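**Student:** Take this structure first; my questions come after.
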Amino acid sequence: DVLSLTRFSQVLLVGCRNNTIVTITPTRNISIPENPQLSDGIYLNISAGDSHTVILHELQSLLISTPYFDLSGTKIVSNHPLTVVGGHDCVQIPTEYDDCDPISTQIPPTVNWGKSFLLPPLTSRTNGQRYKIIASENNTIAEIKCGTNLAEITVLSNDGDIHQFDTNSDEYCTVLTSNPSYVAEYGFGHGYLSDGYGDPLLMTIPPLDQYIHSVTFSSFVTMLKNYYSILVPNDQYFNQTYLYNGFPFTPTWTTIYYPNGSIAGYGYSTEFKGTVTISHNNVNGQIAVIVYGFMPYGGYGYIAGMKLTPINSDVHLSEISFTKKEYYVGEGEGVVIVFLERYFEVSSSVSIHLKILLSQVATAKEGADYTSISKIVNFQSGETLKNVSITILDDSYVEETEYFI
């Protein structure tokens, strides 16, 4: 990242449903609005490793940013689907080379992360490209093999740990991880490239489990050079040919190897213009296509498409519920204590938002029969039981049983 107080590593959160509870655990110190629902200018400083919970509604956004440091590995946990975009408003890659440019890519949730990746080079990049691996679990072992070189092995000790590595301009690679992981590809700034074309770019690399059958994509008119790279697994459906705008095409493939030396798949990269549809030539076959382009002082890159199928069946999330469906209390008792119990995954810290809701079935009146509450309940690692007190008001009237939710 650029070492500047005016340029920021960023994570953008966008709510998809109302009342989405979001817990943020940053890898660096950040400052965010204490309550995104208020425009009061009150900000809260969150230290690296600490957690803070906010509420986001549909289409509401929250931007997390910090200068100097990389926010990669920041943990975002929500109770509803949430859009997460990572990037930088003006990054130099490498840091000592011009120019700085904005980069961004949407980050899929960890249930869509995988363990097996094919990595394409960026065609015409004289000094290669950079990749980043992010681990979703502790003690993740990553094996990396590029070309016919010997495989390298690295260990990511903690969830959220990252590993970066650079590869040569023409090398296809594989990454195998022992736990579900995320992989991104970066392009270098033009000052690092001998031909002067291009600037930083960022795109998600899909795991093999999220490949799809067909994609349609377009070039950027303003870019002088546009490319795509197609990746095809080595399986029973591969027969050297794919469909280009509906017509069979047999390119000169590059063989991509697993760390053990067996064939993982095949790759092909080429320049193109206009709108293109590429499909596997077998109805059951799957592909991945990476699209990118360059001009002096400019570059872009994106994945043409991927599935978002939950593939991590061994990922268990916490479930929190009341210990009883109903609590009964007399008005004269002054308080009711409700208990929340946490099940399944209890090793991490999680938070929930507890609030009394206005409902058509609610017959008790706020301010007359009870005092409303709206609070965040935090479960620390290992905690399974919490209680919350709700004040009950005695209005001195003899009434039937009344309810609130």
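Chain identifiers are assigned as A, B, and so on, following the order in which chains appear in the structure tokens; residues are numbered from 1 within each chain, and ligands are numbered from 1 in order of appearance.
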Just want the 8 Å neighbourhood of A:Asn378, counted on only C-alpha atoms, with same-chain residues fewer than 6 positions away dropped. Output as a ChimeraX atom specification.
**Tutor:** /A:349-352
**Student:** Okay, now the selection with N, CA and C atoms, as a PDB file, in the first residue's frame?
**Tutor:**
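Generated output (result-v2.pdb):
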ATOM      1  N   SER A 349     -15.915 -15.306  18.723  1.00  0.00           N
ATOM      2  CA  SER A 349     -16.746 -14.281  19.347  1.00  0.00           C
ATOM      3  C   SER A 349     -17.848 -13.870  18.372  1.00  0.00           C
ATOM      4  N   VAL A 350     -19.087 -13.817  18.850  1.00  0.00           N
ATOM      5  CA  VAL A 350     -20.203 -13.400  18.009  1.00  0.00           C
ATOM      6  C   VAL A 350     -21.087 -12.442  18.789  1.00  0.00           C
ATOM      7  N   SER A 351     -21.895 -11.695  18.072  1.00  0.00           N
ATOM      8  CA  SER A 351     -22.794 -10.725  18.695  1.00  0.00           C
ATOM      9  C   SER A 351     -24.163 -10.819  18.031  1.00  0.00           C
ATOM     10  N   ILE A 352     -25.206 -10.545  18.805  1.00  0.00           N
ATOM     11  CA  ILE A 352     -26.550 -10.468  18.261  1.00  0.00           C
ATOM     12  C   ILE A 352     -27.212  -9.186  18.766  1.00  0.00           C
TER      13      ILE A 352
END
**Student:** Extract, using only C-alpha atoms, all DNA, RNA and protein residues at most 10 Å from A:Asn284, discarding same-chain residues fewer than 6 positions from it, and format them as a PyMOL selection string.
**Tutor:** chain A and resi 212-213+236-237
**Student:** With only C-alpha atoms as the basis for distance, which of A:Gly187, A:Pro120, A:Gly73, A:Pro108 is at the shortest distance from A:Ser136?
**Tutor:**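 When distances to A:Ser136 are compared using only C-alpha atoms, the smallest one comes from A:Gly73.
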**Student:** Quick one: of A:Thr309, A:Thr148, A:Asn79, A:Ser157, who's nearest to A:Ala135, counting only C-alpha atoms?
**Tutor:**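 Looking at the shortest contact to A:Ala135, the residue is A:Ser157.
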**Student:** From stretch 258-381 of chain A, collect each residue whose DSSP state is strand (DSSP E) and return the set as a ChimeraX atom specification.
**Tutor:** /A:263-271,275-280,288-295,298-303,318-322,335-344,350-355,374-379
**Student:** For A:Lys273, find every residue with an atom within 8 Å (counting only C-alpha atoms), except residues of its own chain fewer than 4 positions away, and show them as a ChimeraX atom specification.
**Tutor:** /A:218-219,226
**Student:** A:Phe188, A:Phe165, A:Tyr172, A:Tyr182: which is nearest A:Arg125, counting only C-alpha atoms?
**Tutor:**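 Smallest separation from A:Arg125 among the options: A:Phe188.
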**Student:** Extract, using only C-alpha atoms, all DNA, RNA and protein residues at most 10 Å from A:Ser372, discarding same-chain residues fewer than 4 positions from it, and format them as a short mmCIF file (atom, residue, chain, number, x, y, z; two decimals) with C-alpha atoms, in the first residue's frame.
**Tutor:**
data_model
loop_
_atom_site.label_atom_id
_atom_site.label_comp_id
_atom_site.auth_asym_id
_atom_site.auth_seq_id
_atom_site.Cartn_x
_atom_site.Cartn_y
_atom_site.Cartn_z
CA LYS A 355 -34.75 -5.69 20.46
CA ILE A 356 -38.43 -5.57 21.40
CA LEU A 357 -40.42 -5.39 18.16
CA LYS A 365 -47.78 -1.26 25.60
CA GLU A 366 -44.28 0.18 25.61
CA GLY A 367 -43.92 2.72 28.41
CA ILE A 390 -36.33 -6.27 30.83
CA THR A 391 -38.08 -3.84 33.18
CA ILE A 392 -41.80 -4.56 33.75
#
**Student:** Separation of atom CA of A:Pro207 and atom CA of A:Phe117, in Å?
**Tutor:** 4.8 Å
**Student:** Write out as a list in words each polymer residue whose atoms come within 12 Å of A:His80, counting only C-alpha atoms; drop sequence neighbours fewer than 2 positions from it.
**Tutor:**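 Near neighbours after the sequence-gap exclusion: Val14, Gly15, Cys16, Arg17, Asn18, Asn19, Thr20, Ile21, Val22, Thr23, Ile55, Leu56, His57, Glu58, Ile76, Val77, Ser78, Leu82, Thr83, Pro109 and Ile352 of chain A.
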**Student:** Keeping only C-alpha atoms, take the residues you just selected and write them out as a CSV table (one decimal), in the first residue's frame.
**Tutor:**
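As written to disk, again02.csv reads:
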chain,number,residue,atom,x,y,z
A,14,VAL,CA,-23.6,-3.1,1.6
A,15,GLY,CA,-26.7,-4.5,3.3
A,16,CYS,CA,-29.0,-6.8,1.3
A,17,ARG,CA,-31.8,-7.1,4.0
A,18,ASN,CA,-33.1,-4.9,6.7
A,19,ASN,CA,-31.9,-5.4,10.3
A,20,THR,CA,-28.7,-7.1,9.2
A,21,ILE,CA,-26.4,-7.6,12.2
A,22,VAL,CA,-22.8,-7.2,11.2
A,23,THR,CA,-19.8,-7.9,13.5
A,55,ILE,CA,-26.9,-2.8,12.1
A,56,LEU,CA,-27.2,-2.3,8.3
A,57,HIS,CA,-30.5,-2.1,6.3
A,58,GLU,CA,-31.1,-3.0,2.7
A,76,ILE,CA,-17.0,-9.7,8.7
A,77,VAL,CA,-19.8,-11.9,10.2
A,78,SER,CA,-23.5,-11.2,9.5
A,82,LEU,CA,-24.1,-9.1,2.9
A,83,THR,CA,-22.1,-7.6,-0.1
A,109,PRO,CA,-18.4,-15.4,1.7
A,352,ILE,CA,-26.6,-10.5,18.3
**Student:** Using only C-alpha atoms, which of the listed residues (A:His280, A:Ser178, A:Val111, A:Ala184) sits closest to A:Pro81?
**Tutor:**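 When distances to A:Pro81 are compared using only C-alpha atoms, the smallest one comes from A:Val111.
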**Student:** Output as a Markdown table one row per residue of stretch 168-224 of chain A within 6 Å of stretch 137-147 of chain A: the closest atom pair and its distance in Å to one decimal place, counting only C-alpha atoms, sorted by chain and residue number ascending.
**Tutor:**
| residue | atom | partner | partner_atom | distance |
| --- | --- | --- | --- | --- |
| A:Glu171 | CA | A:Gly147 | CA | 5.4 |
| A:Tyr172 | CA | A:Gly147 | CA | 5.8 |
| A:Cys173 | CA | A:Cys146 | CA | 4.0 |
| A:Thr174 | CA | A:Lys145 | CA | 5.4 |
| A:Val175 | CA | A:Ile144 | CA | 4.7 |
| A:Leu176 | CA | A:Glu143 | CA | 5.1 |
| A:Thr177 | CA | A:Ala142 | CA | 4.4 |
| A:Ser178 | CA | A:Ile141 | CA | 5.3 |
| A:Asn179 | CA | A:Thr140 | CA | 5.6 |
**Student:** Write out as a list in words each polymer residue whose atoms come within 6 Å of A:Thr27, counting only C-alpha atoms; drop sequence neighbours fewer than 5 positions from it.
**Tutor:**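 Listing them by chain and then by number gives Ala48, Gly49, Leu71 and Thr74 of chain A.
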**Student:** Taking only C-alpha atoms into account, which of A:Glu185, A:Tyr268, A:Leu13, A:Asn168 comes nearest A:Leu59?
**Tutor:**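 Nearest to A:Leu59: A:Leu13.
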**Student:** Using only C-alpha atoms, which residues sit within 10 Å of A:Ser124 once same-chain residues fewer than 3 positions away are excluded, as number ranges by chain?
**Tutor:** A: 121, 127-128, 169-170, 193, 195, 197-198, 225, 227, 269-271, 293-294
**Student:** Nearest residue to A:Glu319 out of A:Leu156, A:Ala288, A:Met306, A:Leu385, using only C-alpha atoms?
**Tutor:** A:Leu385
**Student:** Would you mind listing, for every residue of stretch 168-241 of chain A within 9 Å of stretch 260-264 of chain A, the two atoms forming the shortest contact and the distance between them in Å to one decimal, using only C-alpha atoms, sorted by chain and ascending residue number, as a tab-separated table?
**Tutor:**
residue	atom	partner	partner_atom	distance
A:Thr174	CA	A:Ala264	CA	7.7
A:Val232	CA	A:Ala264	CA	8.8
A:Pro233	CA	A:Ala264	CA	6.2
A:Asn234	CA	A:Ala264	CA	5.5
A:Asp235	CA	A:Ala264	CA	8.6
